[in-house]
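For reference, protein.csv (CSV, C-alpha atoms):
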```csv
chain,number,residue,atom,x,y,z
A,1,GLN,CA,33.1,-30.3,47.7
A,2,LYS,CA,35.1,-27.2,48.2
A,3,GLN,CA,36.2,-26.3,51.7
A,4,ARG,CA,37.4,-22.8,52.5
A,5,LEU,CA,40.1,-22.2,55.1
A,6,ASN,CA,41.1,-19.1,56.8
A,7,LEU,CA,44.8,-18.3,57.4
A,8,ASN,CA,44.9,-19.6,61.0
A,9,GLU,CA,43.2,-22.9,60.1
A,10,ALA,CA,45.5,-23.5,57.1
A,11,LEU,CA,48.7,-22.8,59.2
A,12,GLU,CA,47.4,-25.0,62.1
A,13,ARG,CA,46.7,-27.8,59.7
A,14,GLU,CA,50.2,-27.5,58.2
A,15,LYS,CA,51.8,-27.6,61.7
A,16,LYS,CA,49.9,-30.7,62.6
A,17,GLU,CA,51.0,-32.5,59.4
A,18,LYS,CA,54.6,-31.5,60.1
A,19,ALA,CA,54.4,-32.7,63.7
A,20,ALA,CA,52.9,-36.0,62.6
A,21,LYS,CA,55.6,-36.5,60.0
A,22,ALA,CA,58.3,-35.7,62.6
A,23,ALA,CA,56.9,-38.1,65.1
A,24,GLY,CA,56.9,-40.9,62.5
A,25,MET,CA,53.2,-41.3,62.6
A,26,VAL,CA,52.8,-41.0,58.8
A,27,GLY,CA,53.6,-44.0,56.8
A,28,LYS,CA,55.0,-44.0,53.2
A,29,LYS,CA,51.6,-44.9,51.8
A,30,ASP,CA,50.0,-42.0,53.6
A,31,GLU,CA,52.7,-39.6,52.4
A,32,ALA,CA,52.2,-40.7,48.8
A,33,LYS,CA,48.4,-40.0,48.9
A,34,LEU,CA,47.3,-36.6,47.8
A,35,ALA,CA,44.8,-34.8,50.0
A,36,PRO,CA,42.0,-33.0,48.3
A,37,GLU,CA,42.9,-29.5,47.2
A,38,GLN,CA,41.5,-27.0,49.6
A,39,THR,CA,40.4,-23.5,48.5
A,40,PHE,CA,41.8,-20.7,50.7
A,41,TRP,CA,40.2,-17.8,48.8
A,42,GLU,CA,38.3,-17.5,45.5
A,43,GLY,CA,36.7,-14.4,44.0
A,44,PRO,CA,36.6,-11.5,41.5
A,45,PRO,CA,38.7,-8.4,41.7
A,46,SER,CA,37.6,-5.6,44.1
A,47,SER,CA,34.5,-3.7,43.0
A,48,THR,CA,36.3,-0.5,43.9
A,49,GLU,CA,38.0,-0.7,40.5
A,50,VAL,CA,34.8,0.4,38.9
A,51,LEU,CA,34.5,3.6,40.9
A,52,VAL,CA,37.0,5.9,39.0
A,53,PRO,CA,35.9,4.7,35.5
A,54,PHE,CA,32.3,5.3,36.5
A,55,LEU,CA,33.1,8.9,37.5
A,56,GLY,CA,34.8,9.2,34.1
A,57,CYS,CA,31.5,8.4,32.3
A,58,PHE,CA,30.4,11.9,32.8
A,59,LEU,CA,32.9,12.7,30.0
A,60,VAL,CA,32.4,10.8,26.8
A,61,LEU,CA,35.9,9.3,26.9
A,62,GLY,CA,35.2,7.6,30.2
A,63,ILE,CA,32.6,5.2,28.8
A,64,VAL,CA,35.2,2.8,27.3
A,65,PRO,CA,37.3,2.4,30.5
A,66,PHE,CA,34.0,1.9,32.5
A,67,ILE,CA,32.9,-0.9,30.1
A,68,SER,CA,36.3,-2.5,30.4
A,69,ALA,CA,36.2,-2.3,34.2
A,70,VAL,CA,32.7,-3.8,34.5
A,71,ASN,CA,33.8,-6.6,32.1
A,72,ARG,CA,36.8,-7.4,34.4
A,73,GLN,CA,34.4,-7.7,37.3
A,74,PHE,CA,32.4,-10.4,35.5
A,75,ARG,CA,35.2,-12.2,33.7
A,76,VAL,CA,38.3,-12.2,36.0
A,77,LYS,CA,38.4,-14.7,38.9
A,78,TYR,CA,41.3,-15.4,41.3
A,79,LYS,CA,41.6,-18.7,43.1
A,80,ILE,CA,44.2,-19.4,45.9
A,81,THR,CA,44.4,-23.0,47.1
A,82,ASP,CA,46.8,-24.9,49.2
A,83,ARG,CA,48.6,-26.2,46.1
A,84,ARG,CA,48.4,-23.5,43.4
A,85,VAL,CA,47.2,-20.1,42.3
A,86,SER,CA,44.8,-19.7,39.4
A,87,VAL,CA,43.8,-16.6,37.5
A,88,SER,CA,41.1,-16.8,34.9
A,89,GLY,CA,40.4,-13.9,32.7
A,90,GLY,CA,40.5,-12.6,29.1
A,91,TRP,CA,37.7,-10.9,27.3
A,92,ASP,CA,35.6,-14.0,27.4
A,93,GLY,CA,36.8,-15.2,30.8
A,94,LYS,CA,38.2,-18.5,29.4
A,95,ASP,CA,42.0,-17.8,29.6
A,96,VAL,CA,43.3,-19.6,32.6
A,97,THR,CA,46.8,-19.3,34.1
A,98,GLU,CA,47.7,-21.7,36.9
A,99,PHE,CA,51.0,-22.1,38.7
A,100,SER,CA,52.2,-23.9,41.9
A,101,TYR,CA,53.9,-22.2,44.7
A,102,ALA,CA,57.2,-23.9,43.8
A,103,GLU,CA,57.2,-21.8,40.5
A,104,ILE,CA,57.1,-18.5,42.3
A,105,LYS,CA,60.4,-16.5,42.2
A,106,GLU,CA,59.2,-13.3,43.9
A,107,MET,CA,56.1,-11.4,44.9
A,108,GLN,CA,55.6,-7.6,45.0
A,109,TYR,CA,52.5,-5.6,45.8
A,110,GLY,CA,51.0,-2.2,46.1
A,111,LEU,CA,48.0,-1.4,48.3
A,112,ARG,CA,44.8,0.4,47.2
A,113,PHE,CA,42.1,2.3,49.1
A,114,ASN,CA,44.1,2.4,52.3
A,115,GLY,CA,44.7,-1.4,52.3
A,116,TYR,CA,41.2,-2.5,51.4
A,117,CYS,CA,42.6,-4.3,48.4
A,118,GLY,CA,45.9,-4.6,46.6
A,119,ASP,CA,47.7,-5.2,43.3
A,120,MET,CA,50.2,-8.0,43.2
A,121,ARG,CA,52.9,-8.9,40.7
A,122,ILE,CA,54.1,-12.5,40.9
A,123,GLY,CA,57.4,-13.3,39.1
A,124,LEU,CA,57.8,-16.9,38.1
A,125,ARG,CA,61.0,-18.8,37.6
A,126,ASP,CA,60.6,-19.0,33.9
A,127,GLY,CA,60.5,-15.2,33.6
A,128,ALA,CA,56.8,-14.8,33.2
A,129,ASN,CA,54.9,-12.2,35.4
A,130,ILE,CA,51.4,-12.6,36.6
A,131,GLU,CA,49.5,-9.6,37.8
A,132,MET,CA,46.6,-9.7,40.1
A,133,PHE,CA,44.8,-6.4,40.3
A,134,GLY,CA,42.3,-5.5,43.0
A,135,LEU,CA,42.8,-8.6,45.1
A,136,THR,CA,40.5,-8.3,48.1
A,137,ASN,CA,41.2,-9.7,51.6
A,138,PHE,CA,44.8,-8.8,50.7
A,139,TYR,CA,46.5,-9.1,54.0
A,140,ASP,CA,45.4,-12.7,54.6
A,141,ASN,CA,45.9,-13.8,51.0
A,142,TYR,CA,49.4,-12.3,50.8
A,143,LYS,CA,50.5,-13.8,54.1
A,144,TYR,CA,49.2,-17.2,53.1
A,145,MET,CA,50.9,-17.2,49.7
A,146,LEU,CA,54.1,-16.0,51.3
A,147,SER,CA,54.0,-18.9,53.8
A,148,ARG,CA,53.7,-21.4,50.9
A,149,ILE,CA,56.7,-20.3,48.8
A,150,ASP,CA,60.3,-21.3,49.5
A,151,LYS,CA,62.7,-19.3,51.6
A,152,GLY,CA,64.7,-17.9,48.7
A,153,ALA,CA,61.6,-16.5,47.1
A,154,ARG,CA,60.4,-15.2,50.4
A,155,LYS,CA,63.6,-13.2,50.8
A,156,ARG,CA,63.2,-11.7,47.4
A,157,SER,CA,59.5,-10.8,48.0
A,158,ASP,CA,58.1,-7.7,49.7
A,159,PRO,CA,57.4,-8.2,53.4
A,160,PRO,CA,53.8,-8.5,54.5
A,161,PRO,CA,52.0,-5.1,54.8
A,162,ASP,CA,51.7,-5.3,58.6
A,163,GLN,CA,55.5,-5.6,58.9
A,164,ILE,CA,56.4,-2.4,57.1
```
Could I get this structure in the form of structure tokens?
Amino acid sequence: QKQRLNLNEALEREKKEKAAKAAGMVGKKDEAKLAPEQTFWEGPPSSTEVLVPFLGCFLVLGIVPFISAVNRQFRVKYKITDRRVSVSGGWDGKDVTEFSYAEIKEMQYGLRFNGYCGDMRIGLRDGANIEMFGLTNFYDNYKYMLSRIDKGARKRSDPPPDQI
């Protein structure tokens, strides 16, 4: 069963775990056990991506971008958990890219529609780049992911939108 967390709940849970570990209340057996993966956010790209291609449909050339944008709405899914980030996409929706927070080298973003959603580029340690377009609930998602990566990657990444 999936359990969704908001940013405050996830950070509180992490603080409690660190406090219990520091107090010596967690045994080696408990440390070795993996807790079930918890989904922080899961969903498709923002529906605002379809707006401009729709307006382009009044011209004959705008039909192809509109079909492509509608296809992305149905085929692309983002999933942010406490252990990893997953992006499923492709024309048939079966191409899945998953990576853990330890693999992230840097994160950069650009906001859309006055902060309603955002585009994020995630650079991985092996040189690959993952792009997440139209990520809704952007402020909370970016802060959560930024809190999960290591300090070096955090320094190389863009600061959260509310700190600019």
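When only C-alpha atoms are used to compute distances to Ile149 (chain A), the closest of the residues A:Lys18, A:Lys105, A:Arg13, A:Arg4 turns out to be A:Lys105.
Taking CA of Gly43 (chain A) and CA of Lys79 (chain A) as endpoints, the distance between them is 6.6 Å.
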- Message: One number please: CA of Lys77 (chain A) to CA of Pro36 (chain A), in Å, one decimal.
- Response: 20.9 Å
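If you measure from each of A:Thr136, A:Asn141, A:Asn6, A:Ser147 to Ser46 (chain A) using all atoms listed in the file, the closest one turns out to be A:Thr136.
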Each residue of region 78-130 of chain A lying at most 12 Å from region 49-54 of chain A should get a row with its shortest atom-to-atom pair and the distance in Å to one decimal, counting all atoms listed in the file; could you produce that, ordered by chain and increasing number, as JSON lines?
```
{"residue": "A:Arg112", "atom": "CA", "partner": "A:Glu49", "partner_atom": "CA", "distance": 9.6}
{"residue": "A:Phe113", "atom": "CA", "partner": "A:Glu49", "partner_atom": "CA", "distance": 10.0}
{"residue": "A:Tyr116", "atom": "CA", "partner": "A:Glu49", "partner_atom": "CA", "distance": 11.5}
{"residue": "A:Cys117", "atom": "CA", "partner": "A:Glu49", "partner_atom": "CA", "distance": 9.8}
{"residue": "A:Gly118", "atom": "CA", "partner": "A:Glu49", "partner_atom": "CA", "distance": 10.7}
{"residue": "A:Asp119", "atom": "CA", "partner": "A:Glu49", "partner_atom": "CA", "distance": 11.1}
```
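Nearest to Met107 (chain A) of all the residues A:Gly123, A:Pro160, A:Gly90, A:Pro65 is A:Gly123, counting only C-alpha atoms.
Closest approach to Gly89 (chain A) among A:Asn129, A:Asn114, A:Ser47, A:Asn71: A:Asn71, based on all atoms listed in the file.
Computed from the coordinates, the CA of Ile63 (chain A) to CA of Ser86 (chain A) distance equals 29.7 Å.
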- Task: Show which residues sit within 10 Å of Asp82 (chain A), as a ChimeraX atom specification. Count all atoms listed in the file, and ignore same-chain residues fewer than 6 positions away.
- Result: /A:5,10,14,36-41,100-101,144-145,148
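Shortest atom-to-atom contact with Val85 (chain A) among A:Val64, A:Leu111, A:Arg125, A:Ile130: A:Ile130, counting all atoms listed in the file.
The nearest approach to Val87 (chain A) among the residues A:Pro161, A:Leu135, A:Ile104, A:Gly115, with only C-alpha atoms taken into account, belongs to A:Leu135.
Distance cut-off 8 Å, centre (37.5, -8.3, 32.6), atoms counted all atoms listed in the file; the residues meeting this are Ser68, Ala69, Val70, Asn71, Arg72, Gln73, Phe74, Arg75, Val76, Gly89, Gly90, Trp91, Asp92 and Gly93 of chain A.
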Select region 77-92 of chain A in the preceding structure and write all heavy atoms to a file as a CSV table (one decimal), in the first residue's frame.
```
chain,number,residue,atom,x,y,z
A,77,LYS,N,5.1,9.9,-16.6
A,77,LYS,CA,4.7,9.9,-15.2
A,77,LYS,C,6.0,10.1,-14.4
A,77,LYS,O,7.1,9.5,-14.7
A,77,LYS,CB,4.1,8.6,-14.7
A,77,LYS,CG,2.8,8.2,-15.5
A,77,LYS,CD,1.7,9.0,-15.0
A,77,LYS,CE,0.4,8.6,-15.6
A,77,LYS,NZ,-0.2,9.6,-16.5
A,78,TYR,N,5.9,11.0,-13.4
A,78,TYR,CA,7.1,11.2,-12.5
A,78,TYR,C,6.7,10.6,-11.1
A,78,TYR,O,5.5,10.7,-10.7
A,78,TYR,CB,7.3,12.7,-12.3
A,78,TYR,CG,7.6,13.4,-13.6
A,78,TYR,CD1,6.9,14.6,-13.9
A,78,TYR,CD2,8.6,13.0,-14.5
A,78,TYR,CE1,7.1,15.3,-15.1
A,78,TYR,CE2,8.8,13.7,-15.6
A,78,TYR,CZ,8.1,14.8,-15.9
A,78,TYR,OH,8.4,15.5,-17.1
A,79,LYS,N,7.7,10.0,-10.5
A,79,LYS,CA,7.5,9.5,-9.1
A,79,LYS,C,8.7,9.8,-8.3
A,79,LYS,O,9.8,9.5,-8.6
A,79,LYS,CB,7.3,7.9,-9.2
A,79,LYS,CG,7.0,7.3,-7.9
A,79,LYS,CD,6.8,5.8,-8.1
A,79,LYS,CE,6.4,5.1,-6.8
A,79,LYS,NZ,6.2,3.7,-7.0
A,80,ILE,N,8.4,10.5,-7.2
A,80,ILE,CA,9.5,10.9,-6.2
A,80,ILE,C,9.2,10.1,-4.9
A,80,ILE,O,8.1,10.3,-4.3
A,80,ILE,CB,9.5,12.4,-6.0
A,80,ILE,CG1,9.7,13.1,-7.3
A,80,ILE,CG2,10.5,12.8,-5.0
A,80,ILE,CD1,9.5,14.6,-7.3
A,81,THR,N,10.1,9.3,-4.5
A,81,THR,CA,10.0,8.5,-3.2
A,81,THR,C,11.1,8.9,-2.3
A,81,THR,O,11.9,9.7,-2.6
A,81,THR,CB,10.0,7.0,-3.5
A,81,THR,OG1,11.3,6.6,-3.9
A,81,THR,CG2,9.0,6.6,-4.6
A,82,ASP,N,11.1,8.3,-1.1
A,82,ASP,CA,12.2,8.6,-0.1
A,82,ASP,C,13.5,7.9,-0.5
A,82,ASP,O,14.5,8.2,0.1
A,82,ASP,CB,11.7,8.2,1.3
A,82,ASP,CG,11.4,6.7,1.4
A,82,ASP,OD1,11.2,6.0,0.3
A,82,ASP,OD2,11.3,6.2,2.5
A,83,ARG,N,13.5,7.1,-1.5
A,83,ARG,CA,14.8,6.4,-1.9
A,83,ARG,C,15.2,6.7,-3.3
A,83,ARG,O,16.4,6.6,-3.6
A,83,ARG,CB,14.6,4.9,-1.9
A,83,ARG,CG,14.4,4.4,-0.5
A,83,ARG,CD,14.5,2.9,-0.5
A,83,ARG,NE,14.1,2.4,0.7
A,83,ARG,CZ,13.4,1.3,0.9
A,83,ARG,NH1,13.0,0.6,-0.1
A,83,ARG,NH2,13.1,1.0,2.2
A,84,ARG,N,14.3,7.1,-4.2
A,84,ARG,CA,14.7,7.2,-5.6
A,84,ARG,C,13.7,8.2,-6.4
A,84,ARG,O,12.7,8.5,-5.8
A,84,ARG,CB,14.7,5.9,-6.3
A,84,ARG,CG,13.4,5.2,-6.4
A,84,ARG,CD,13.4,3.8,-6.9
A,84,ARG,NE,12.2,3.1,-6.6
A,84,ARG,CZ,11.2,3.1,-7.4
A,84,ARG,NH1,11.2,3.6,-8.5
A,84,ARG,NH2,10.1,2.4,-7.0
A,85,VAL,N,14.1,8.5,-7.6
A,85,VAL,CA,13.3,9.3,-8.5
A,85,VAL,C,13.1,8.4,-9.7
A,85,VAL,O,14.0,7.8,-10.2
A,85,VAL,CB,13.9,10.6,-8.9
A,85,VAL,CG1,13.1,11.3,-9.9
A,85,VAL,CG2,14.2,11.4,-7.7
A,86,SER,N,11.8,8.3,-10.2
A,86,SER,CA,11.5,7.5,-11.4
A,86,SER,C,10.8,8.3,-12.4
A,86,SER,O,9.9,9.1,-12.1
A,86,SER,CB,10.6,6.3,-10.9
A,86,SER,OG,10.2,5.6,-12.0
A,87,VAL,N,11.2,8.2,-13.7
A,87,VAL,CA,10.6,8.9,-14.8
A,87,VAL,C,10.2,7.8,-15.8
A,87,VAL,O,11.1,7.2,-16.3
A,87,VAL,CB,11.5,10.0,-15.4
A,87,VAL,CG1,10.8,10.7,-16.6
A,87,VAL,CG2,11.9,11.0,-14.4
A,88,SER,N,8.9,7.7,-16.1
A,88,SER,CA,8.5,6.8,-17.1
A,88,SER,C,8.0,7.6,-18.3
A,88,SER,O,7.2,8.6,-18.1
A,88,SER,CB,7.4,5.8,-16.6
A,88,SER,OG,6.3,6.4,-16.2
A,89,GLY,N,8.3,7.2,-19.5
A,89,GLY,CA,7.9,8.0,-20.6
A,89,GLY,C,8.1,7.2,-21.9
A,89,GLY,O,8.0,6.0,-21.9
A,90,GLY,N,8.4,7.9,-23.0
A,90,GLY,CA,8.5,7.3,-24.3
A,90,GLY,C,7.2,7.3,-25.0
A,90,GLY,O,6.2,7.7,-24.4
A,91,TRP,N,7.2,7.0,-26.3
A,91,TRP,CA,6.0,7.1,-27.0
A,91,TRP,C,4.9,6.1,-26.5
A,91,TRP,O,3.7,6.4,-26.5
A,91,TRP,CB,6.3,6.8,-28.5
A,91,TRP,CG,5.1,7.1,-29.4
A,91,TRP,CD1,4.3,6.1,-30.0
A,91,TRP,CD2,4.5,8.3,-29.7
A,91,TRP,NE1,3.3,6.8,-30.7
A,91,TRP,CE2,3.4,8.1,-30.5
A,91,TRP,CE3,4.9,9.6,-29.4
A,91,TRP,CZ2,2.6,9.2,-31.0
A,91,TRP,CZ3,4.1,10.7,-29.9
A,91,TRP,CH2,3.0,10.4,-30.7
A,92,ASP,N,5.4,5.0,-26.0
A,92,ASP,CA,4.4,4.0,-25.5
A,92,ASP,C,4.3,4.0,-24.0
A,92,ASP,O,3.5,3.3,-23.4
A,92,ASP,CB,4.8,2.6,-26.0
A,92,ASP,CG,6.2,2.2,-25.5
A,92,ASP,OD1,6.9,3.0,-25.0
A,92,ASP,OD2,6.6,1.0,-25.8
```
